[in-house]
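Enquirer: Pasting run26.cif here (mmCIF, C-alpha atoms):
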data_input
#
loop_
_atom_site.group_PDB
_atom_site.id
_atom_site.type_symbol
_atom_site.label_atom_id
_atom_site.label_comp_id
_atom_site.auth_asym_id
_atom_site.auth_seq_id
_atom_site.Cartn_x
_atom_site.Cartn_y
_atom_site.Cartn_z
ATOM 1 C CA MET A 23 -6.921 11.410 33.633
ATOM 2 C CA GLU A 24 -3.521 11.369 31.923
ATOM 3 C CA THR A 25 -3.944 7.690 31.073
ATOM 4 C CA LEU A 26 -7.414 8.395 29.697
ATOM 5 C CA ILE A 27 -6.091 11.082 27.311
ATOM 6 C CA ILE A 28 -3.262 8.804 26.135
ATOM 7 C CA ASN A 29 -5.621 5.884 25.572
ATOM 8 C CA LEU A 30 -8.111 8.070 23.688
ATOM 9 C CA LEU A 31 -5.365 9.373 21.359
ATOM 10 C CA LEU A 32 -4.079 5.839 20.810
ATOM 11 C CA THR A 33 -7.591 4.713 19.847
ATOM 12 C CA MET A 34 -7.836 7.584 17.343
ATOM 13 C CA MET A 35 -4.518 6.471 15.821
ATOM 14 C CA ALA A 36 -5.815 2.928 15.432
ATOM 15 C CA LEU A 37 -8.948 4.300 13.708
ATOM 16 C CA ALA A 38 -6.856 6.437 11.332
ATOM 17 C CA VAL A 39 -4.848 3.360 10.357
ATOM 18 C CA VAL A 40 -7.994 1.282 9.729
ATOM 19 C CA ILE A 41 -9.408 3.976 7.399
ATOM 20 C CA LEU A 42 -6.001 4.346 5.735
ATOM 21 C CA ALA A 43 -5.716 0.604 5.058
ATOM 22 C CA ARG A 44 -9.181 0.514 3.456
ATOM 23 C CA SER A 45 -8.822 3.637 1.285
ATOM 24 C CA ARG A 46 -7.731 3.204 -2.343
ATOM 25 C CA ASN A 47 -7.261 6.876 -3.167
ATOM 26 C CA LEU A 48 -3.537 7.456 -2.634
ATOM 27 C CA PHE A 49 -3.964 11.179 -1.959
ATOM 28 C CA ALA A 50 -6.367 10.340 0.889
ATOM 29 C CA VAL A 51 -3.898 7.704 2.117
ATOM 30 C CA ILE A 52 -1.073 10.255 2.299
ATOM 31 C CA VAL A 53 -3.214 12.884 4.044
ATOM 32 C CA LEU A 54 -4.383 10.247 6.551
ATOM 33 C CA GLY A 55 -0.725 9.369 7.037
ATOM 34 C CA GLY A 56 -0.134 13.018 7.983
ATOM 35 C CA VAL A 57 -3.095 12.922 10.402
ATOM 36 C CA TYR A 58 -1.660 9.744 11.912
ATOM 37 C CA SER A 59 1.752 11.408 12.360
ATOM 38 C CA PHE A 60 0.239 14.447 14.097
ATOM 39 C CA LEU A 61 -1.751 12.161 16.417
ATOM 40 C CA MET A 62 1.501 10.327 17.116
ATOM 41 C CA ALA A 63 3.207 13.640 17.944
ATOM 42 C CA THR A 64 0.357 14.498 20.349
ATOM 43 C CA VAL A 65 0.606 11.107 22.060
ATOM 44 C CA LEU A 66 4.362 11.640 22.419
ATOM 45 C CA VAL A 67 3.762 14.970 24.191
ATOM 46 C CA ALA A 68 1.351 13.191 26.536
ATOM 47 C CA LEU A 69 4.044 10.526 27.099
ATOM 48 C CA ASP A 70 6.543 13.305 28.101
ATOM 49 C CA ALA A 71 8.716 12.758 25.028
ATOM 50 C CA VAL A 72 8.664 16.398 23.901
ATOM 51 C CA ASP A 73 11.845 16.249 21.812
ATOM 52 C CA VAL A 74 10.590 13.199 19.943
ATOM 53 C CA ALA A 75 7.186 14.837 19.463
ATOM 54 C CA MET A 76 8.743 17.908 17.836
ATOM 55 C CA THR A 77 10.855 15.737 15.539
ATOM 56 C CA GLU A 78 7.880 13.546 14.645
ATOM 57 C CA ALA A 79 5.691 16.584 13.823
ATOM 58 C CA ALA A 80 8.422 18.151 11.673
ATOM 59 C CA VAL A 81 9.811 15.021 10.017
ATOM 60 C CA GLY A 82 6.961 12.488 10.121
ATOM 61 C CA ALA A 83 4.066 14.814 9.365
ATOM 62 C CA GLY A 84 6.044 17.441 7.446
ATOM 63 C CA ILE A 85 8.923 16.116 5.355
ATOM 64 C CA SER A 86 7.518 12.591 4.866
ATOM 65 C CA THR A 87 4.175 13.948 3.625
ATOM 66 C CA VAL A 88 5.912 16.337 1.235
ATOM 67 C CA LEU A 89 8.130 13.526 -0.104
ATOM 68 C CA LEU A 90 5.117 11.233 -0.587
ATOM 69 C CA LEU A 91 3.105 13.952 -2.345
ATOM 70 C CA GLY A 92 6.088 14.681 -4.584
ATOM 71 C CA ALA A 93 6.337 11.016 -5.562
ATOM 72 C CA LEU A 94 2.568 10.856 -6.069
ATOM 73 C CA HIS A 95 2.803 13.772 -8.495
ATOM 74 C CA LEU A 96 4.857 11.488 -10.760
ATOM 75 C CA CYS A 97 2.528 8.491 -10.417
ATOM 76 C CA LYS A 98 -1.187 7.683 -10.627
ATOM 77 C CA THR A 99 -3.348 8.688 -7.653
ATOM 78 C CA GLU A 100 -5.637 5.671 -7.669
ATOM 79 C CA GLU A 101 -4.614 2.272 -6.379
ATOM 80 C CA ALA A 102 -5.663 -0.656 -8.612
ATOM 81 C CA LYS A 103 -8.215 -3.137 -7.299
ATOM 82 C CA PRO A 104 -6.410 -6.156 -5.838
ATOM 83 C CA ILE A 105 -6.635 -9.380 -7.863
ATOM 84 C CA HIS A 106 -6.715 -11.733 -4.880
ATOM 85 C CA ARG A 107 -8.674 -11.408 -1.667
ATOM 86 C CA PRO A 108 -6.069 -10.705 1.050
ATOM 87 C CA TRP A 109 -6.794 -13.815 3.140
ATOM 88 C CA LEU A 110 -3.208 -15.082 3.344
ATOM 89 C CA PRO A 111 -1.732 -11.709 4.460
ATOM 90 C CA LEU A 112 -4.596 -11.384 6.946
ATOM 91 C CA ALA A 113 -3.780 -14.819 8.372
ATOM 92 C CA VAL A 114 -0.060 -13.931 8.615
ATOM 93 C CA ALA A 115 -0.900 -10.610 10.338
ATOM 94 C CA CYS A 116 -3.323 -12.253 12.798
ATOM 95 C CA GLY A 117 -0.789 -14.982 13.575
ATOM 96 C CA THR A 118 1.904 -12.372 14.282
ATOM 97 C CA ALA A 119 -0.555 -10.398 16.417
ATOM 98 C CA ALA A 120 -1.440 -13.481 18.465
ATOM 99 C CA VAL A 121 2.231 -14.281 19.175
ATOM 100 C CA LEU A 122 3.016 -10.652 20.082
ATOM 101 C CA ALA A 123 -0.084 -10.386 22.304
ATOM 102 C CA TYR A 124 1.058 -13.523 24.135
ATOM 103 C CA GLY A 125 4.420 -11.789 24.611
ATOM 104 C CA THR A 126 2.839 -8.637 26.126
ATOM 105 C CA LEU A 127 1.239 -10.637 28.949
ATOM 106 C CA ASP A 128 4.603 -10.818 30.732
ATOM 107 C CA LEU A 129 5.451 -7.129 30.325
ATOM 108 C CA PRO A 130 5.211 -4.773 33.329
ATOM 109 C CA ALA A 131 2.069 -2.643 33.640
ATOM 110 C CA PHE A 132 1.958 0.820 32.023
ATOM 111 C CA SER A 133 3.719 3.452 34.195
ATOM 112 C CA ASP A 134 4.875 0.971 36.840
ATOM 113 C CA PRO A 135 7.741 2.746 38.702
ATOM 114 C CA GLN A 136 9.281 -0.636 39.625
ATOM 115 C CA ALA A 137 9.537 -1.742 35.971
ATOM 116 C CA PRO A 138 13.116 -2.679 34.923
ATOM 117 C CA ILE A 139 13.282 0.292 32.518
ATOM 118 C CA HIS A 140 13.037 2.732 35.469
ATOM 119 C CA VAL A 141 15.376 1.078 37.975
ATOM 120 C CA HIS A 142 18.605 0.738 35.942
ATOM 121 C CA VAL A 143 20.746 3.431 34.266
ATOM 122 C CA ALA A 144 18.036 6.061 33.690
ATOM 123 C CA SER A 145 18.160 7.395 37.250
ATOM 124 C CA ARG A 146 21.942 7.776 36.996
ATOM 125 C CA TYR A 147 21.664 9.905 33.848
ATOM 126 C CA LEU A 148 18.968 12.029 35.527
ATOM 127 C CA ALA A 149 21.144 12.513 38.626
ATOM 128 C CA GLU A 150 24.502 13.193 36.964
ATOM 129 C CA ALA A 151 23.762 14.724 33.542
ATOM 130 C CA MET A 152 23.571 18.277 34.878
ATOM 131 C CA ALA A 153 26.886 18.051 36.755
ATOM 132 C CA GLN A 154 28.743 16.244 33.936
ATOM 133 C CA THR A 155 27.508 18.096 30.861
ATOM 134 C CA GLY A 156 25.801 21.268 32.087
ATOM 135 C CA VAL A 157 22.768 20.646 29.862
ATOM 136 C CA PRO A 158 19.425 20.632 31.727
ATOM 137 C CA ASN A 159 17.627 18.712 28.960
ATOM 138 C CA VAL A 160 18.740 15.128 29.642
ATOM 139 C CA VAL A 161 17.693 13.934 26.161
ATOM 140 C CA THR A 162 19.996 16.501 24.542
ATOM 141 C CA ALA A 163 22.774 15.648 26.996
ATOM 142 C CA VAL A 164 22.620 11.943 26.127
ATOM 143 C CA LEU A 165 22.153 12.528 22.386
ATOM 144 C CA ALA A 166 24.913 15.061 21.846
ATOM 145 C CA SER A 167 27.317 14.306 24.680
ATOM 146 C CA TYR A 168 27.198 10.751 26.052
ATOM 147 C CA ARG A 169 26.168 9.165 22.720
ATOM 148 C CA GLY A 170 27.621 11.738 20.335
ATOM 149 C CA TYR A 171 29.165 9.080 18.093
ATOM 150 C CA ASP A 172 25.747 7.487 17.529
ATOM 151 C CA THR A 173 24.486 10.822 16.265
ATOM 152 C CA LEU A 174 27.495 11.028 13.954
ATOM 153 C CA GLY A 175 26.607 7.543 12.643
ATOM 154 C CA GLU A 176 23.049 8.715 12.074
ATOM 155 C CA THR A 177 24.356 11.594 9.982
ATOM 156 C CA VAL A 178 26.289 9.081 7.881
ATOM 157 C CA VAL A 179 23.043 7.126 7.296
ATOM 158 C CA VAL A 180 21.209 10.267 6.162
ATOM 159 C CA PHE A 181 24.121 11.236 3.907
ATOM 160 C CA THR A 182 24.151 7.759 2.328
ATOM 161 C CA ALA A 183 20.396 7.894 1.723
ATOM 162 C CA GLY A 184 20.708 11.347 0.150
ATOM 163 C CA ALA A 185 23.526 10.142 -2.109
ATOM 164 C CA GLY A 186 21.381 7.121 -3.069
ATOM 165 C CA VAL A 187 18.407 9.311 -3.980
ATOM 166 C CA ILE A 188 20.592 11.554 -6.152
ATOM 167 C CA ALA A 189 22.204 8.550 -7.850
ATOM 168 C CA LEU A 190 18.776 7.036 -8.604
ATOM 169 C CA LEU A 191 17.120 10.170 -9.921
ATOM 170 C CA ARG A 192 20.067 11.518 -11.942
ATOM 171 C CA ARG A 193 19.873 8.655 -14.425
ATOM 172 C CA ARG A 194 16.515 9.911 -15.647
ATOM 173 C CA LYS A 195 17.933 12.277 -18.273
ATOM 174 C CA ASN A 196 20.066 9.847 -20.267
ATOM 175 C CA ASN A 197 18.018 6.707 -19.946
ATOM 176 C CA ASN A 198 17.389 5.250 -23.391
ATOM 177 C CA ASP A 199 17.044 1.512 -22.882
ATOM 178 C CA ARG A 200 14.305 -0.200 -24.855
ATOM 179 C CA ARG A 201 12.023 -0.857 -21.883
ATOM 180 C CA ALA A 202 11.724 2.789 -20.984
ATOM 181 C CA THR A 203 10.706 3.797 -24.507
ATOM 182 C CA GLN A 204 7.804 1.359 -24.820
ATOM 183 C CA THR A 205 4.195 2.335 -24.217
ATOM 184 C CA ASP A 206 3.460 1.949 -20.555
ATOM 185 C CA PHE A 207 0.531 0.340 -18.784
ATOM 186 C CA SER A 208 -1.389 3.540 -18.191
ATOM 187 C CA GLY A 209 -1.547 4.091 -21.944
ATOM 188 C CA GLU A 210 0.594 7.228 -21.903
ATOM 189 C CA ARG A 211 3.449 7.399 -24.394
ATOM 190 C CA ARG A 212 6.845 8.131 -23.033
ATOM 191 C CA PRO A 213 8.596 11.144 -24.572
ATOM 192 C CA MET B 18 -2.617 -7.679 33.957
ATOM 193 C CA THR B 19 -5.697 -5.569 33.201
ATOM 194 C CA LEU B 20 -7.059 -3.790 30.143
ATOM 195 C CA ALA B 21 -5.913 -0.392 31.445
ATOM 196 C CA SER B 22 -2.397 -1.526 32.335
ATOM 197 C CA HIS B 23 -1.695 -3.127 28.940
ATOM 198 C CA PHE B 24 -3.844 -1.015 26.580
ATOM 199 C CA SER B 25 -0.878 0.917 25.149
ATOM 200 C CA TYR B 26 0.948 -2.322 24.312
ATOM 201 C CA TRP B 27 -2.057 -3.672 22.461
ATOM 202 C CA ILE B 28 -2.613 -0.530 20.388
ATOM 203 C CA THR B 29 1.110 -0.563 19.541
ATOM 204 C CA LEU B 30 0.765 -4.174 18.538
ATOM 205 C CA PHE B 31 -2.300 -3.423 16.427
ATOM 206 C CA LEU B 32 -0.511 -0.596 14.581
ATOM 207 C CA MET B 33 2.494 -2.844 13.984
ATOM 208 C CA VAL B 34 0.380 -5.666 12.574
ATOM 209 C CA ALA B 35 -1.715 -3.238 10.477
ATOM 210 C CA GLY B 36 1.500 -1.862 8.955
ATOM 211 C CA LEU B 37 2.714 -5.397 8.267
ATOM 212 C CA PHE B 38 -0.641 -6.248 6.651
ATOM 213 C CA ILE B 39 -0.512 -3.186 4.353
ATOM 214 C CA VAL B 40 3.048 -4.034 3.293
ATOM 215 C CA ILE B 41 2.116 -7.634 2.425
ATOM 216 C CA ALA B 42 -1.414 -7.289 1.079
ATOM 217 C CA ARG B 43 -1.376 -4.071 -0.959
ATOM 218 C CA GLY B 44 0.179 -4.162 -4.424
ATOM 219 C CA ASN B 45 0.673 -0.413 -4.786
ATOM 220 C CA LEU B 46 4.273 0.560 -4.010
ATOM 221 C CA ILE B 47 3.426 3.971 -2.480
ATOM 222 C CA LYS B 48 0.834 2.368 -0.211
ATOM 223 C CA LYS B 49 3.411 -0.236 0.789
ATOM 224 C CA LEU B 50 5.780 2.566 1.849
ATOM 225 C CA VAL B 51 3.015 4.228 3.897
ATOM 226 C CA GLY B 52 2.437 0.832 5.570
ATOM 227 C CA LEU B 53 6.157 0.545 6.280
ATOM 228 C CA GLY B 54 5.995 4.003 7.883
ATOM 229 C CA ILE B 55 3.150 2.869 10.158
ATOM 230 C CA PHE B 56 5.174 -0.184 11.161
ATOM 231 C CA GLN B 57 8.110 2.109 11.999
ATOM 232 C CA THR B 58 6.058 4.572 14.053
ATOM 233 C CA SER B 59 4.520 1.722 16.058
ATOM 234 C CA VAL B 60 8.065 0.925 17.191
ATOM 235 C CA TYR B 61 8.350 4.489 18.562
ATOM 236 C CA LEU B 62 5.358 3.787 20.814
ATOM 237 C CA LEU B 63 6.759 0.398 21.810
ATOM 238 C CA TYR B 64 9.883 2.141 23.136
ATOM 239 C CA ILE B 65 8.451 5.346 24.583
ATOM 240 C CA ALA B 66 5.223 4.183 26.271
ATOM 241 C CA PRO B 67 7.043 2.048 28.915
ATOM 242 C CA GLY B 68 9.303 5.019 29.780
ATOM 243 C CA LYS B 69 6.319 7.148 30.873
ATOM 244 C CA LEU B 70 5.606 7.683 34.577
ATOM 245 C CA ILE B 71 2.133 8.989 35.388
ATOM 246 C CA GLY B 72 2.633 12.203 37.394
ATOM 247 C CA GLY B 73 6.132 12.613 35.982
ATOM 248 C CA THR B 74 7.304 15.338 33.635
ATOM 249 C CA ALA B 75 9.494 15.621 30.539
ATOM 250 C CA PRO B 76 13.190 14.910 31.341
ATOM 251 C CA ILE B 77 14.286 18.560 31.453
ATOM 252 C CA LEU B 78 15.834 19.186 34.852
ATOM 253 C CA ALA B 79 14.292 22.097 36.793
ATOM 254 C CA GLU B 80 13.598 23.232 40.338
ATOM 255 C CA GLY B 81 10.450 21.855 41.905
ATOM 256 C CA PHE B 82 10.237 18.605 39.921
ATOM 257 C CA LYS B 83 11.216 15.241 41.346
ATOM 258 C CA VAL B 84 9.750 12.641 38.963
ATOM 259 C CA TYR B 85 10.953 12.539 35.344
ATOM 260 C CA SER B 86 10.033 10.106 32.582
ATOM 261 C CA ASN B 87 12.834 7.906 31.279
ATOM 262 C CA PRO B 88 14.990 9.895 28.780
ATOM 263 C CA LEU B 89 16.847 6.973 27.185
ATOM 264 C CA PRO B 90 14.056 5.663 24.881
ATOM 265 C CA HIS B 91 13.577 9.240 23.651
ATOM 266 C CA VAL B 92 17.202 9.399 22.494
ATOM 267 C CA LEU B 93 16.941 6.066 20.670
ATOM 268 C CA ILE B 94 13.728 7.054 18.913
ATOM 269 C CA LEU B 95 15.042 10.462 17.817
ATOM 270 C CA THR B 96 17.651 8.551 15.836
ATOM 271 C CA ALA B 97 15.020 6.124 14.530
ATOM 272 C CA ILE B 98 12.795 8.937 13.185
ATOM 273 C CA VAL B 99 15.618 10.445 11.142
ATOM 274 C CA VAL B 100 16.684 7.051 9.796
ATOM 275 C CA GLY B 101 13.002 6.377 8.979
ATOM 276 C CA VAL B 102 12.700 9.448 6.767
ATOM 277 C CA ALA B 103 15.970 8.511 5.026
ATOM 278 C CA THR B 104 14.521 5.061 4.258
ATOM 279 C CA LEU B 105 11.309 6.622 2.971
ATOM 280 C CA ALA B 106 13.166 9.024 0.666
ATOM 281 C CA LEU B 107 15.256 6.213 -0.811
ATOM 282 C CA GLY B 108 12.162 3.998 -1.238
ATOM 283 C CA LEU B 109 10.265 6.765 -3.015
ATOM 284 C CA ALA B 110 13.210 7.421 -5.343
ATOM 285 C CA LEU B 111 13.117 3.703 -6.248
ATOM 286 C CA VAL B 112 9.350 3.931 -6.837
ATOM 287 C CA VAL B 113 9.835 6.874 -9.200
ATOM 288 C CA ARG B 114 12.508 4.943 -11.131
ATOM 289 C CA ILE B 115 10.306 1.831 -11.306
ATOM 290 C CA ARG B 116 7.437 3.938 -12.593
ATOM 291 C CA GLU B 117 9.711 5.292 -15.331
ATOM 292 C CA ALA B 118 11.011 1.892 -16.375
ATOM 293 C CA TYR B 119 7.734 -0.065 -16.147
ATOM 294 C CA GLY B 120 5.044 2.619 -16.440
ATOM 295 C CA SER B 121 3.278 1.288 -13.348
ATOM 296 C CA ILE B 122 3.606 1.181 -9.574
ATOM 297 C CA GLU B 123 1.321 -1.846 -9.144
ATOM 298 C CA GLU B 124 3.234 -4.947 -8.114
ATOM 299 C CA ASP B 125 1.272 -7.437 -10.278
ATOM 300 C CA GLU B 126 1.615 -5.296 -13.431
ATOM 301 C CA ILE B 127 5.365 -4.989 -12.848
ATOM 302 C CA LEU B 128 5.693 -8.772 -12.420
ATOM 303 C CA GLN B 129 3.572 -9.325 -15.563
ATOM 304 C CA ARG B 130 5.866 -7.074 -17.587
ATOM 305 C CA ASP B 131 8.930 -8.862 -16.197
ATOM 306 C CA HIS B 132 7.489 -12.195 -17.332
ATOM 307 C CA SER B 133 6.698 -10.855 -20.798
ATOM 308 C CA TYR B 134 10.273 -9.529 -21.120
ATOM 309 C CA GLN B 135 11.647 -12.907 -20.097
ATOM 310 C CA ALA B 136 9.448 -14.592 -22.711
ATOM 311 C CA GLU B 137 10.698 -12.076 -25.329
ATOM 312 C CA ASP B 138 14.319 -12.720 -24.400
ATOM 313 C CA ALA B 139 13.801 -16.469 -24.623
ATOM 314 C CA ALA B 140 12.155 -16.254 -28.043
#
Take the structure I supplied and represent it as structure tokens, if you would.
Expert:
Amino acid sequence: METLIINLLLTMMALAVVILARSRNLFAVIVLGGVYSFLMATVLVALDAVDVAMTEAAVGAGISTVLLLGALHLCKTEEAKPIHRPWLPLAVACGTAAVLAYGTLDLPAFSDPQAPIHVHVASRYLAEAMAQTGVPNVVTAVLASYRGYDTLGETVVVFTAGAGVIALLRRRKNNNDRRATQTDFSGERRP
Amino acid sequence: MTLASHFSYWITLFLMVAGLFIVIARGNLIKKLVGLGIFQTSVYLLYIAPGKLIGGTAPILAEGFKVYSNPLPHVLILTAIVVGVATLALGLALVVRIREAYGSIEEDEILQRDHSYQAEDAA
């Protein structure tokens, strides 16, 4: 039953991505991206990753969608028709898929308790996290206690990205080079 | 190896390849970033699906539960989600700047303008 629910949700995600890839209206693409993220969050709950599901719902479906809509506000909402038929990218994608599918044949079956991922360190964290850190949520214990420095590094990444965004968008006010002042492709005149 | 035992891998793989296809084939920069996001989220599934144990529960220790899913992929992917949104924000800031400088977010129009500028500079 559990497997059935997970597989059904995964199929819905694949469908959302197919519709998303075919749509040329960027607003629809972004909303479908939000739908995809919420489906992903639901799958993660079914896969017992509740912390990840909460983060994905808040960050993937929330902040990402808001950021994309904000950027879309400054751009056109319709994607141009492609000049070439996408045969070469399709061939590259199918080739990659074939190689990866060949690779999955050796992987352990879904939810196999004897799979290598379940027989190494994970059981030690589950057994000792409570005694060593006093935190019942093992994900929190590993994230904030055992691997606290990784989380610090992650903060540095987010800080760098934020600084980059500010540096990029601050130049807008005093940008007077000749390319910016020319008429653009959409026919609008720049102020 | 059966369909049921490997289904999650194959959907993951499909999402990954679909994201790759959107990034390569679509000329619109915002659509490319959405494709990149799909590629990223497929990696979340690749990590978390193998950590699931059917009949297990979320790795929050409590009385009365014996079987827990593997917590380590969850920790890795929590970091990946936050880094993913940082990448997206930076990419979108670049898109906004490109739109201001070139007046377009279509890859072929941007390349066309670049070529015409090069021709101007040469002349």
Enquirer: Can you check which parts of chain B lie within 6 Å of chain A? Per residue, the shortest pair of atoms and distance in Å to one decimal, counting all atoms listed in the file, sorted by chain and number, as a Markdown table.
Expert:
| residue | atom | partner | partner_atom | distance |
| --- | --- | --- | --- | --- |
| B:Ser22 | CA | A:Ala131 | CA | 4.8 |
| B:Val34 | CA | A:Ala115 | CA | 5.6 |
| B:Phe38 | CA | A:Ala115 | CA | 5.7 |
| B:Ile41 | CA | A:Pro111 | CA | 6.0 |
| B:Ala42 | CA | A:Pro111 | CA | 5.6 |
| B:Lys69 | CA | A:Leu69 | CA | 5.6 |
| B:Leu70 | CA | A:Ser133 | CA | 4.6 |
| B:Ile71 | CA | A:Ser133 | CA | 5.9 |
| B:Thr74 | CA | A:Asp70 | CA | 5.9 |
| B:Ala75 | CA | A:Asp70 | CA | 4.5 |
| B:Pro76 | CA | A:Val160 | CA | 5.8 |
| B:Ile77 | CA | A:Asn159 | CA | 4.2 |
| B:Leu78 | CA | A:Pro158 | CA | 5.0 |
| B:Pro88 | CA | A:Val161 | CA | 5.5 |
| B:Val92 | CA | A:Val161 | CA | 5.9 |
| B:Leu95 | CA | A:Val74 | CA | 5.6 |
| B:Ala103 | CA | A:Ala183 | CA | 5.6 |
| B:Leu107 | CA | A:Val187 | CA | 5.4 |
| B:Ala110 | CA | A:Val187 | CA | 5.7 |
| B:Ala118 | CA | A:Ala202 | CA | 4.7 |
| B:Gly120 | CA | A:Asp206 | CA | 4.5 |
Enquirer: Residues as selected, C-alpha atoms, written as a PDB file, keeping the file's coordinate frame, can you do that?
Expert:
ATOM      1  CA  SER B  22      -2.397  -1.526  32.335  1.00  0.00           C
ATOM      2  CA  VAL B  34       0.380  -5.666  12.574  1.00  0.00           C
ATOM      3  CA  PHE B  38      -0.641  -6.248   6.651  1.00  0.00           C
ATOM      4  CA  ILE B  41       2.116  -7.634   2.425  1.00  0.00           C
ATOM      5  CA  ALA B  42      -1.414  -7.289   1.079  1.00  0.00           C
ATOM      6  CA  LYS B  69       6.319   7.148  30.873  1.00  0.00           C
ATOM      7  CA  LEU B  70       5.606   7.683  34.577  1.00  0.00           C
ATOM      8  CA  ILE B  71       2.133   8.989  35.388  1.00  0.00           C
ATOM      9  CA  THR B  74       7.304  15.338  33.635  1.00  0.00           C
ATOM     10  CA  ALA B  75       9.494  15.621  30.539  1.00  0.00           C
ATOM     11  CA  PRO B  76      13.190  14.910  31.341  1.00  0.00           C
ATOM     12  CA  ILE B  77      14.286  18.560  31.453  1.00  0.00           C
ATOM     13  CA  LEU B  78      15.834  19.186  34.852  1.00  0.00           C
ATOM     14  CA  PRO B  88      14.990   9.895  28.780  1.00  0.00           C
ATOM     15  CA  VAL B  92      17.202   9.399  22.494  1.00  0.00           C
ATOM     16  CA  LEU B  95      15.042  10.462  17.817  1.00  0.00           C
ATOM     17  CA  ALA B 103      15.970   8.511   5.026  1.00  0.00           C
ATOM     18  CA  LEU B 107      15.256   6.213  -0.811  1.00  0.00           C
ATOM     19  CA  ALA B 110      13.210   7.421  -5.343  1.00  0.00           C
ATOM     20  CA  ALA B 118      11.011   1.892 -16.375  1.00  0.00           C
ATOM     21  CA  GLY B 120       5.044   2.619 -16.440  1.00  0.00           C
TER      22      GLY B 120
END
Enquirer: Could you state the separation of atom CA of A:Val121 and atom CA of B:Met33 in Å, given to one decimal place?
Expert: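 Calculated distance between atom CA of A:Val121 and atom CA of B:Met33 is 12.6 Å.
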Enquirer: Considering all atoms listed in the file, return as an MDAnalysis selection string whatever protein or nucleic-acid residues lie within 7 Å of stretch 122-135 of chain B, sequence-local ones (same chain, fewer than 5 positions apart) excluded.
Expert: chainID B and resid 44:46 112 115:116
Enquirer: One number please: atom CA of B:Ala140 to atom CA of B:Tyr119, in Å, one decimal.
Expert: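 If I compute the distance from atom CA of B:Ala140 to atom CA of B:Tyr119, I get 20.6 Å.
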Enquirer: Atom CA of B:Ile28 and atom CA of B:Leu105, how far apart in Å?
Expert: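 Answer for the atom CA of B:Leu105 to atom CA of B:Ile28 separation: 23.4 Å.
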Enquirer: Determine, counting only C-alpha atoms, every residue of protein, DNA or RNA that lies within 7 Å of (14.7, 3.5, 26.9) in the file coordinates, then give the result as a short mmCIF file (atom, residue, chain, number, x, y, z; two decimals) with C-alpha atoms, in the frame of the given file.
Expert:
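Okay, point_0.cif is ready:
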data_model
loop_
_atom_site.label_atom_id
_atom_site.label_comp_id
_atom_site.auth_asym_id
_atom_site.auth_seq_id
_atom_site.Cartn_x
_atom_site.Cartn_y
_atom_site.Cartn_z
CA ILE A 139 13.28 0.29 32.52
CA TYR B 64 9.88 2.14 23.14
CA ILE B 65 8.45 5.35 24.58
CA GLY B 68 9.30 5.02 29.78
CA ASN B 87 12.83 7.91 31.28
CA PRO B 88 14.99 9.90 28.78
CA LEU B 89 16.85 6.97 27.18
CA PRO B 90 14.06 5.66 24.88
CA HIS B 91 13.58 9.24 23.65
#
Enquirer: Go through B:Val84, B:Leu63, B:Ile98, B:Ile47 and flag the residue nearest B:His23, using only C-alpha atoms for the distances.
Expert: B:Leu63
Enquirer: So which one's closest to A:Val88, B:Pro67, B:Glu117, B:Ala21, B:Ala106? Using all atoms listed in the file, please.
Expert: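 With all atoms listed in the file as the atom set, the closest residue is B:Ala106.
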Enquirer: For stretch 86-93 of chain B, where the input has fewer atoms than it should, I would like N, CA, C and O atoms rebuilt and written as a PDB file, in the frame of the given file.
Expert:
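Generated output (out10.pdb):
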ATOM      1  N   SER B  86      10.145  11.314  33.402  1.00  0.00           N
ATOM      2  CA  SER B  86      10.033  10.106  32.582  1.00  0.00           C
ATOM      3  C   SER B  86      11.419   9.716  32.083  1.00  0.00           C
ATOM      4  O   SER B  86      12.333  10.535  32.058  1.00  0.00           O
ATOM      5  N   ASN B  87      11.535   8.457  31.663  1.00  0.00           N
ATOM      6  CA  ASN B  87      12.834   7.906  31.279  1.00  0.00           C
ATOM      7  C   ASN B  87      13.344   8.550  29.975  1.00  0.00           C
ATOM      8  O   ASN B  87      12.687   8.464  28.954  1.00  0.00           O
ATOM      9  N   PRO B  88      14.530   9.210  30.002  1.00  0.00           N
ATOM     10  CA  PRO B  88      14.990   9.895  28.780  1.00  0.00           C
ATOM     11  C   PRO B  88      15.621   8.973  27.738  1.00  0.00           C
ATOM     12  O   PRO B  88      15.739   9.362  26.579  1.00  0.00           O
ATOM     13  N   LEU B  89      16.043   7.774  28.123  1.00  0.00           N
ATOM     14  CA  LEU B  89      16.847   6.973  27.185  1.00  0.00           C
ATOM     15  C   LEU B  89      16.068   6.502  25.954  1.00  0.00           C
ATOM     16  O   LEU B  89      16.587   6.599  24.836  1.00  0.00           O
ATOM     17  N   PRO B  90      14.799   6.020  26.094  1.00  0.00           N
ATOM     18  CA  PRO B  90      14.056   5.663  24.881  1.00  0.00           C
ATOM     19  C   PRO B  90      13.882   6.856  23.947  1.00  0.00           C
ATOM     20  O   PRO B  90      13.917   6.688  22.724  1.00  0.00           O
ATOM     21  N   HIS B  91      13.764   8.063  24.497  1.00  0.00           N
ATOM     22  CA  HIS B  91      13.577   9.240  23.651  1.00  0.00           C
ATOM     23  C   HIS B  91      14.774   9.425  22.730  1.00  0.00           C
ATOM     24  O   HIS B  91      14.628   9.725  21.547  1.00  0.00           O
ATOM     25  N   VAL B  92      15.988   9.229  23.295  1.00  0.00           N
ATOM     26  CA  VAL B  92      17.202   9.399  22.494  1.00  0.00           C
ATOM     27  C   VAL B  92      17.230   8.389  21.362  1.00  0.00           C
ATOM     28  O   VAL B  92      17.511   8.719  20.202  1.00  0.00           O
ATOM     29  N   LEU B  93      16.916   7.110  21.695  1.00  0.00           N
ATOM     30  CA  LEU B  93      16.941   6.066  20.670  1.00  0.00           C
ATOM     31  C   LEU B  93      15.963   6.390  19.546  1.00  0.00           C
ATOM     32  O   LEU B  93      16.270   6.234  18.366  1.00  0.00           O
TER      33      LEU B  93
END
